[in-house]
Structure formats: C-alpha cells, structure tokens
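Pasting protein-v9.txt here (compact mmCIF, C-alpha atoms (C1' of nucleotides)):
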# COMPACT_ATOMS: atom_id res chain seq x y z
CA MET R 1485 178.56 125.12 92.99
CA SER R 1486 181.52 125.29 95.40
CA ASN R 1487 183.42 122.11 94.52
CA PRO R 1488 186.72 123.13 92.88
CA ILE R 1489 186.28 120.77 89.94
CA ASP R 1490 182.79 122.20 89.35
CA LEU R 1491 184.29 125.66 89.12
CA VAL R 1492 186.99 124.54 86.68
CA PHE R 1493 184.53 122.84 84.33
CA ALA R 1494 182.15 125.79 84.53
CA ALA R 1495 184.99 128.19 83.81
CA LEU R 1496 186.09 126.15 80.79
CA ALA R 1497 182.55 126.06 79.37
CA ASP R 1498 182.87 129.52 77.85
CA PRO R 1499 184.80 130.06 74.58
CA THR R 1500 185.93 133.55 75.59
CA ARG R 1501 187.51 132.17 78.74
CA ARG R 1502 189.19 129.31 76.88
CA GLU R 1503 190.61 131.84 74.41
CA ILE R 1504 191.91 133.94 77.29
CA LEU R 1505 193.66 130.87 78.70
CA THR R 1506 195.21 130.19 75.32
CA MET R 1507 196.47 133.75 75.14
CA LEU R 1508 197.99 133.44 78.60
CA LEU R 1509 199.82 130.32 77.45
CA GLU R 1510 202.17 132.64 75.56
CA ASP R 1511 202.82 135.05 78.37
CA ASP R 1512 201.39 136.82 81.40
CA MET R 1513 199.18 139.74 80.45
CA ALA R 1514 197.61 142.85 81.91
CA VAL R 1515 193.81 142.96 82.06
CA THR R 1516 193.53 145.69 79.42
CA ASP R 1517 195.72 143.70 77.02
CA VAL R 1518 193.66 140.57 77.60
CA ALA R 1519 190.53 142.54 76.72
CA GLU R 1520 191.96 144.19 73.60
CA PRO R 1521 191.20 141.44 70.99
CA PHE R 1522 187.63 140.92 72.20
CA GLU R 1523 184.61 142.89 71.07
CA MET R 1524 183.19 143.33 74.51
CA SER R 1525 183.61 145.75 77.37
CA LEU R 1526 186.51 145.69 79.78
CA ALA R 1527 184.03 145.05 82.58
CA ALA R 1528 182.87 141.86 80.86
CA ILE R 1529 186.46 140.63 80.56
CA SER R 1530 187.05 141.54 84.18
CA LYS R 1531 184.16 139.27 85.13
CA HIS R 1532 185.55 136.43 83.02
CA LEU R 1533 188.92 136.85 84.70
CA HIS R 1534 187.21 136.72 88.08
CA ILE R 1535 185.57 133.41 87.17
CA LEU R 1536 188.90 132.03 85.97
CA THR R 1537 190.55 133.18 89.19
CA ARG R 1538 187.82 131.65 91.33
CA ALA R 1539 188.37 128.35 89.51
CA GLY R 1540 192.11 128.59 90.20
CA LEU R 1541 192.93 128.56 86.49
CA ILE R 1542 194.70 131.90 86.66
CA ALA R 1543 196.17 134.12 89.36
CA GLN R 1544 196.05 137.91 89.38
CA GLU R 1545 198.68 140.13 90.89
CA LYS R 1546 198.61 143.89 91.05
CA HIS R 1547 201.72 145.94 90.40
CA GLY R 1548 201.01 149.63 90.54
CA ARG R 1549 197.81 150.22 88.65
CA VAL R 1550 198.39 147.24 86.36
CA LYS R 1551 196.92 143.85 87.27
CA TRP R 1552 198.77 140.95 85.75
CA CYS R 1553 197.10 137.66 84.84
CA LYS R 1554 199.09 134.45 85.01
CA LEU R 1555 198.12 130.90 84.08
CA GLN R 1556 197.92 128.34 86.89
CA MET R 1557 198.16 124.97 85.20
CA ASP R 1558 197.63 122.83 88.31
CA ALA R 1559 193.86 123.37 88.46
CA MET R 1560 193.54 122.27 84.87
CA LYS R 1561 195.68 119.22 85.51
CA ASP R 1562 193.42 118.02 88.33
CA THR R 1563 190.47 118.21 86.00
CA SER R 1564 192.40 116.57 83.19
CA ILE R 1565 193.21 113.73 85.57
CA TRP R 1566 189.50 113.29 86.33
CA MET R 1567 188.81 112.89 82.62
CA GLU R 1568 191.72 110.58 81.96
CA SER R 1569 190.89 108.32 84.88
CA PHE R 1570 187.31 108.27 83.69
CA GLY R 1571 188.48 107.00 80.33
CA GLN R 1572 190.72 104.44 81.99
CA PHE R 1573 187.91 103.02 84.06
CA GLU R 1574 186.00 102.47 80.89
CA THR R 1575 188.97 100.60 79.42
CA VAL R 1576 189.25 98.46 82.55
CA ASN R 1577 185.59 97.62 82.33
CA LEU R 1578 185.87 96.72 78.68
CA ASP R 1579 188.73 94.38 79.52
CA ALA R 1580 186.67 92.83 82.29
CA PHE R 1581 183.81 92.45 79.88
CA GLU R 1582 186.02 90.76 77.31
CA ARG R 1583 187.35 88.36 79.93
CA PHE R 1584 183.78 87.64 80.90
CA LEU R 1585 182.95 86.87 77.28
CA GLU R 1586 185.97 84.58 76.99
CA ASP R 1587 184.92 82.72 80.13
CA GLN R 1588 181.49 82.27 78.63
CA THR R 1589 183.02 80.83 75.47
CA ILE R 1590 185.12 78.41 77.49
CA GLN R 1591 182.06 77.30 79.37
CA ILE R 1592 180.31 76.54 76.10
CA LYS R 1593 183.28 74.55 74.87
CA MET H 64 176.34 128.33 74.07
CA SER H 65 176.07 126.08 71.01
CA ASN H 66 179.68 124.96 70.51
CA PRO H 67 179.85 121.20 71.27
CA ILE H 68 182.85 121.59 73.57
CA ASP H 69 181.01 124.30 75.49
CA LEU H 70 178.14 121.90 76.06
CA VAL H 71 180.45 119.13 77.25
CA PHE H 72 182.24 121.34 79.78
CA ALA H 73 178.96 122.81 81.00
CA ALA H 74 177.49 119.32 81.36
CA LEU H 75 180.52 118.16 83.36
CA ALA H 76 180.32 121.16 85.71
CA ASP H 77 177.60 119.55 87.82
CA PRO H 78 178.45 116.86 90.40
CA THR H 79 175.13 115.08 89.93
CA ARG H 80 175.79 114.70 86.23
CA ARG H 81 179.36 113.49 86.79
CA GLU H 82 178.03 110.92 89.22
CA ILE H 83 175.46 109.79 86.67
CA LEU H 84 178.26 109.33 84.13
CA THR H 85 180.23 107.28 86.65
CA MET H 86 177.20 105.09 87.25
CA LEU H 87 176.77 104.56 83.52
CA LEU H 88 180.38 103.43 83.33
CA GLU H 89 179.26 100.18 84.93
CA ASP H 90 176.31 99.56 82.69
CA ASP H 91 173.47 101.12 80.72
CA MET H 92 170.58 102.14 82.93
CA ALA H 93 166.91 103.09 82.75
CA VAL H 94 166.00 106.64 83.78
CA THR H 95 164.19 105.52 86.94
CA ASP H 96 167.20 103.47 88.04
CA VAL H 97 169.55 106.40 87.40
CA ALA H 98 167.34 108.56 89.63
CA GLU H 99 167.04 106.04 92.45
CA PRO H 100 170.22 106.90 94.46
CA PHE H 101 169.62 110.65 94.30
CA GLU H 102 167.53 112.65 96.71
CA MET H 103 165.79 114.65 94.04
CA SER H 104 162.77 114.26 91.82
CA LEU H 105 162.68 112.12 88.71
CA ALA H 106 161.93 115.27 86.71
CA ALA H 107 165.19 116.84 87.90
CA ILE H 108 167.15 113.76 86.83
CA SER H 109 165.33 113.79 83.52
CA LYS H 110 166.58 117.34 82.97
CA HIS H 111 170.15 116.34 83.84
CA LEU H 112 169.94 113.47 81.37
CA HIS H 113 168.70 115.87 78.72
CA ILE H 114 171.72 118.12 79.29
CA LEU H 115 174.05 115.12 79.10
CA THR H 116 172.35 114.01 75.88
CA ARG H 117 172.59 117.47 74.36
CA ALA H 118 176.31 117.45 75.11
CA GLY H 119 176.64 114.06 73.42
CA LEU H 120 177.95 112.44 76.61
CA ILE H 121 175.15 109.89 76.69
CA ALA H 122 172.58 108.55 74.26
CA GLN H 123 169.02 107.62 75.15
CA GLU H 124 167.02 104.91 73.47
CA LYS H 125 163.45 103.98 74.21
CA HIS H 126 162.36 100.36 74.39
CA GLY H 127 158.73 100.07 75.31
CA ARG H 128 158.09 102.44 78.18
CA VAL H 129 161.68 102.23 79.42
CA LYS H 130 164.28 104.72 78.19
CA TRP H 131 167.81 103.41 78.40
CA CYS H 132 170.80 105.67 78.99
CA LYS H 133 174.16 104.74 77.50
CA LEU H 134 177.55 106.41 77.83
CA GLN H 135 179.06 107.93 74.70
CA MET H 136 182.76 108.23 75.42
CA ASP H 137 183.71 110.05 72.21
CA ALA H 138 182.39 113.45 73.30
CA MET H 139 184.43 113.22 76.48
CA LYS H 140 187.53 112.22 74.54
CA ASP H 141 187.35 115.30 72.32
CA THR H 142 187.26 117.47 75.41
CA SER H 143 190.02 115.48 77.06
CA ILE H 144 192.13 116.05 73.96
CA TRP H 145 191.57 119.80 74.25
CA MET H 146 192.89 119.70 77.79
CA GLU H 147 195.83 117.46 77.04
CA SER H 148 196.92 119.54 74.05
CA PHE H 149 196.61 122.63 76.20
CA GLY H 150 199.01 121.09 78.70
CA GLN H 151 201.35 120.07 75.89
CA PHE H 152 201.54 123.57 74.52
CA GLU H 153 202.60 124.71 77.93
CA THR H 154 205.32 122.06 77.98
CA VAL H 155 206.51 123.16 74.57
CA ASN H 156 206.69 126.73 75.77
CA LEU H 157 208.61 125.72 78.86
CA ASP H 158 211.10 123.89 76.67
CA ALA H 159 211.47 126.96 74.49
CA PHE H 160 211.99 129.03 77.58
CA GLU H 161 214.66 126.69 78.90
CA ARG H 162 216.47 126.79 75.56
CA PHE H 163 216.26 130.55 75.70
CA LEU H 164 217.82 130.52 79.16
CA GLU H 165 220.60 128.21 77.97
CA ASP H 166 221.34 130.53 75.06
CA GLN H 167 221.54 133.41 77.47
CA THR H 168 224.01 131.50 79.62
CA ILE H 169 226.16 130.71 76.59
CA GLN H 170 226.17 134.36 75.62
CA ILE H 171 227.41 135.26 79.09
CA LYS H 172 230.14 132.68 78.85
C1' DC D 383 139.76 96.98 80.05
C1' DC D 384 141.94 99.41 83.44
C1' DC D 385 145.41 100.48 86.68
C1' DA D 386 150.09 101.28 87.65
C1' DA D 387 154.75 102.20 86.06
C1' DA D 388 158.07 105.04 83.20
C1' DA D 389 159.01 109.43 81.72
C1' DT D 390 158.26 113.91 80.06
C1' DC D 391 155.93 118.40 80.06
C1' DA D 392 154.46 122.76 81.98
C1' DA D 393 154.51 126.23 85.15
C1' DC D 394 156.79 128.19 88.70
C1' DC D 395 160.81 129.86 91.70
C1' DA D 396 165.59 131.18 93.08
C1' DT D 397 170.05 131.89 91.61
C1' DA D 398 173.96 132.37 88.32
C1' DT D 399 175.79 133.89 83.54
C1' DG D 400 177.03 137.12 80.29
C1' DG D 401 176.58 141.28 78.77
C1' DT D 402 175.73 146.47 79.00
C1' DT D 403 176.58 151.41 80.82
C1' DG D 404 177.99 154.79 84.18
C1' DA D 405 180.16 155.87 88.45
C1' DC D 406 184.09 155.19 91.08
C1' DC D 407 188.83 154.35 93.02
C1' DT D 408 194.02 154.10 92.35
C1' DT D 409 198.01 155.26 90.48
C1' DC D 410 201.05 157.29 87.18
C1' DC D 411 203.00 161.33 85.30
C1' DC D 412 203.35 166.15 83.66
C1' DG L 698 197.54 169.18 91.85
C1' DG L 699 195.00 167.35 88.32
C1' DG L 700 193.95 164.79 84.29
C1' DA L 701 194.09 160.35 82.15
C1' DA L 702 194.98 155.30 82.27
C1' DG L 703 193.94 150.78 84.49
C1' DG L 704 190.38 148.31 86.66
C1' DT L 705 186.52 147.30 89.55
C1' DC L 706 181.84 148.05 91.26
C1' DA L 707 176.86 148.58 91.01
C1' DA L 708 172.68 148.39 88.83
C1' DC L 709 170.29 146.63 85.26
C1' DC L 710 168.62 143.16 81.64
C1' DA L 711 167.98 138.67 79.22
C1' DT L 712 168.66 133.99 79.40
C1' DA L 713 169.99 129.46 81.41
C1' DT L 714 170.36 126.25 85.63
C1' DG L 715 168.60 123.49 89.07
C1' DG L 716 165.08 122.45 91.57
C1' DT L 717 159.98 121.81 92.84
C1' DT L 718 155.01 120.01 92.11
C1' DG L 719 151.10 118.53 89.37
C1' DA L 720 149.24 117.06 85.04
C1' DT L 721 149.89 114.29 80.99
C1' DT L 722 151.37 110.62 77.81
C1' DT L 723 152.63 106.06 76.71
C1' DT L 724 152.99 101.31 77.56
C1' DG L 725 152.95 96.87 80.13
C1' DG L 726 150.39 93.39 82.48
C1' DG L 727 146.79 91.15 85.21
Write the structure described by the file as structure tokens, please.
Amino acid sequence: MSNPIDLVFAALADPTRREILTMLLEDDMAVTDVAEPFEMSLAAISKHLHILTRAGLIAQEKHGRVKWCKLQMDAMKDTSIWMESFGQFETVNLDAFERFLEDQTIQIK
Amino acid sequence: MSNPIDLVFAALADPTRREILTMLLEDDMAVTDVAEPFEMSLAAISKHLHILTRAGLIAQEKHGRVKWCKLQMDAMKDTSIWMESFGQFETVNLDAFERFLEDQTIQIK
DNA sequence: CCCAAAATCAACCATATGGTTGACCTTCCC
DNA sequence: GGGAAGGTCAACCATATGGTTGATTTTGGG
C-alpha cells in the first residue's frame, strides 16, 4: 500500500485518527496534548500520528522537546476530489441513461 | 472496526476495490466478469466484493448461479459528506481567524 | 443425467494494525 | 549535574488484510 490515496483512506478508516484530525482543526497541538483525551498509551497515539503523517494528513515539527502536530488539508482535498468526481461520473451516466431512454421512446413513437 | 464510516474508508483504501467500483459505475456486473481484468484469483475478488458489500458500497443479488454486483452510492455519499464538512469547518475557522486579525489591526489603529 | 460454469469456503501464509509495557533518548530547568 | 517531562523505539500479542490453492456447492444446459 504505497499509493498516496491508499494511505489517506487507510488513515481515515480509524475513529481515533479522525478524532485527532478534528481536534487539530481547532489548533496545532503537542503530541502529549493530543493523547490526553484518549484512554490509550502515548505510544499508541504516537503510532496513530505516524500513520497520519505518512498519509500527509498532518505534519510534525519539533521545537525543543515538544513535537507539534499540524493539519495538512491538501491530502484530504485530493481524496475528497476523488470521491466527488466519482459521484459526478455517476450523475453523467444517469443523464446518458435517461437520454438513451428518451431516444428509445422516440423510436417507439 | 464496526462503525459504518470506518468500513467505507477501509474498503476504499485498496486500489483493486476502487477500480471495481469504477467498473461498476458503468453497469452492474457478475462476479466472474468483475474478476476478469485482474491478475488475481476469483477467490481474491470474491473477498474484495465481500468487503465492499460489508461497507455498503455495493449490493449483491443472486439470480440463478450468477451473482450480480451493483453500486450503492449512498454509503459513499455519507463519507463524502464527512470529508466536505471537515473542509468546511476549516474554512469557517480560517474566516474566524481572518476576522480576528482584522480586529487586531483595528486595535492597533 | 451429467458435466461444466459460477461462486464460495477452508486452510494456509505473509504482512500490517492497534494496542500494551518497558527501555531509551533529548531537552528543559533547578 | 541530575531528575523529570516529552516522545520514540523495540518487543510482544491478537486480529485483520490480501493473497494463494484445492475442495465444495449450486445451477444451467446439452
């Protein structure tokens, strides 16, 4: 699984990670602060943050001994575009199908 | 992982499954026909279809010995909405931030 | 009736998640 | 300098993917 869009979808498939993203929507956060509301070890959160980083959904930057986590919306947008365009293709096809049906009706007339 | 949105994201994280969805955009297909373009066993495709079904992205219906696969766009839409609303919240926050900056400027004046 | 086609099931394998705990490295600060 | 805070790393465990092959089930058709 190396495709960037694969990594984004996989990263979004976990509720903990989606909640982390939602938290980061408010503001950048240090790793310890991200972990605070969750009932799991700091190491587990660190792994989640690594997966989010690998997917490009967040960026991490170290200042002193504190590592800051920051949302990167672009990765999400690419994926959102995939989904939207998917929906649009369906619409296009439905239109084509309706035109096809109309043509059929005309033929019958 | 039982949350429906978890299952949708996880299902979309595999390129084979996304390609299957794209194929189904054109028309409903039998399992064997779905498998035909891929260089993997029918059993593997059957598993992928099961994961897509579990996520609600497709529905399968058996007619005789042929099982037809049909896109179910609603599941994808729910997930798309999650992503869009996520982006919107960011926009809202940016607006708030800009207003904040303007207020600051006014104060300085 | 009997064979072939359509699919799934079962068992197996390698790898990735998702979590734990304990050791470790950096950096701040007294 | 040394202890504590901020994080990661490593090893471990259970479970899920993503694939394989071989057997099995169901159904259509000559």
Neighbours of chain D in chain H at 10 Å, counting only C-alpha atoms (C1' of nucleotides), as number ranges by chain: H: 93-95, 105-106, 109-110, 127-130
Distance-based interface of chain L with chain H, 12 Å, counting all atoms listed in the file, as a list in words: DT712, DA713, DT714, DG715, DG716, DT717, DT718, DG719, DT722, DT723, DT724 and DG725 of chain L
Since we have the selection now, will you write its residues out, keeping C-alpha atoms (C1' of nucleotides), as a compact mmCIF listing (two decimals), in the frame of the given file?
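Generated file (out38.txt):
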# COMPACT_ATOMS: atom_id res chain seq x y z
C1' DT L 712 168.66 133.99 79.40
C1' DA L 713 169.99 129.46 81.41
C1' DT L 714 170.36 126.25 85.63
C1' DG L 715 168.60 123.49 89.07
C1' DG L 716 165.08 122.45 91.57
C1' DT L 717 159.98 121.81 92.84
C1' DT L 718 155.01 120.01 92.11
C1' DG L 719 151.10 118.53 89.37
C1' DT L 722 151.37 110.62 77.81
C1' DT L 723 152.63 106.06 76.71
C1' DT L 724 152.99 101.31 77.56
C1' DG L 725 152.95 96.87 80.13
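In chain H, the set of residues within 9 Å of chain R (atoms considered: only C-alpha atoms) is Met64, Asn66, Ile68, Asp69, Leu70, Val71, Phe72, Ala73, Ala74, Leu75, Ala76, Asp77, Pro78, Thr85, Leu88, Glu89, Met136, Met139, Lys140, Thr142, Ser143, Met146, Glu147, Phe149, Gly150, Phe152, Glu153 and Asn156 of chain H.
Going from atom CA of Arg1501 of chain R over to atom C1' of DA708 of chain L, you cover 24.2 Å.
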Pairwise distance for atom CA of Leu1541 of chain R and atom CA of Met1513 of chain R, rounded to one decimal in Å: 14.2 Å
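When atom CA of Gly1540 of chain R is paired with atom CA of Gln1556 of chain R, their separation reads 6.7 Å.
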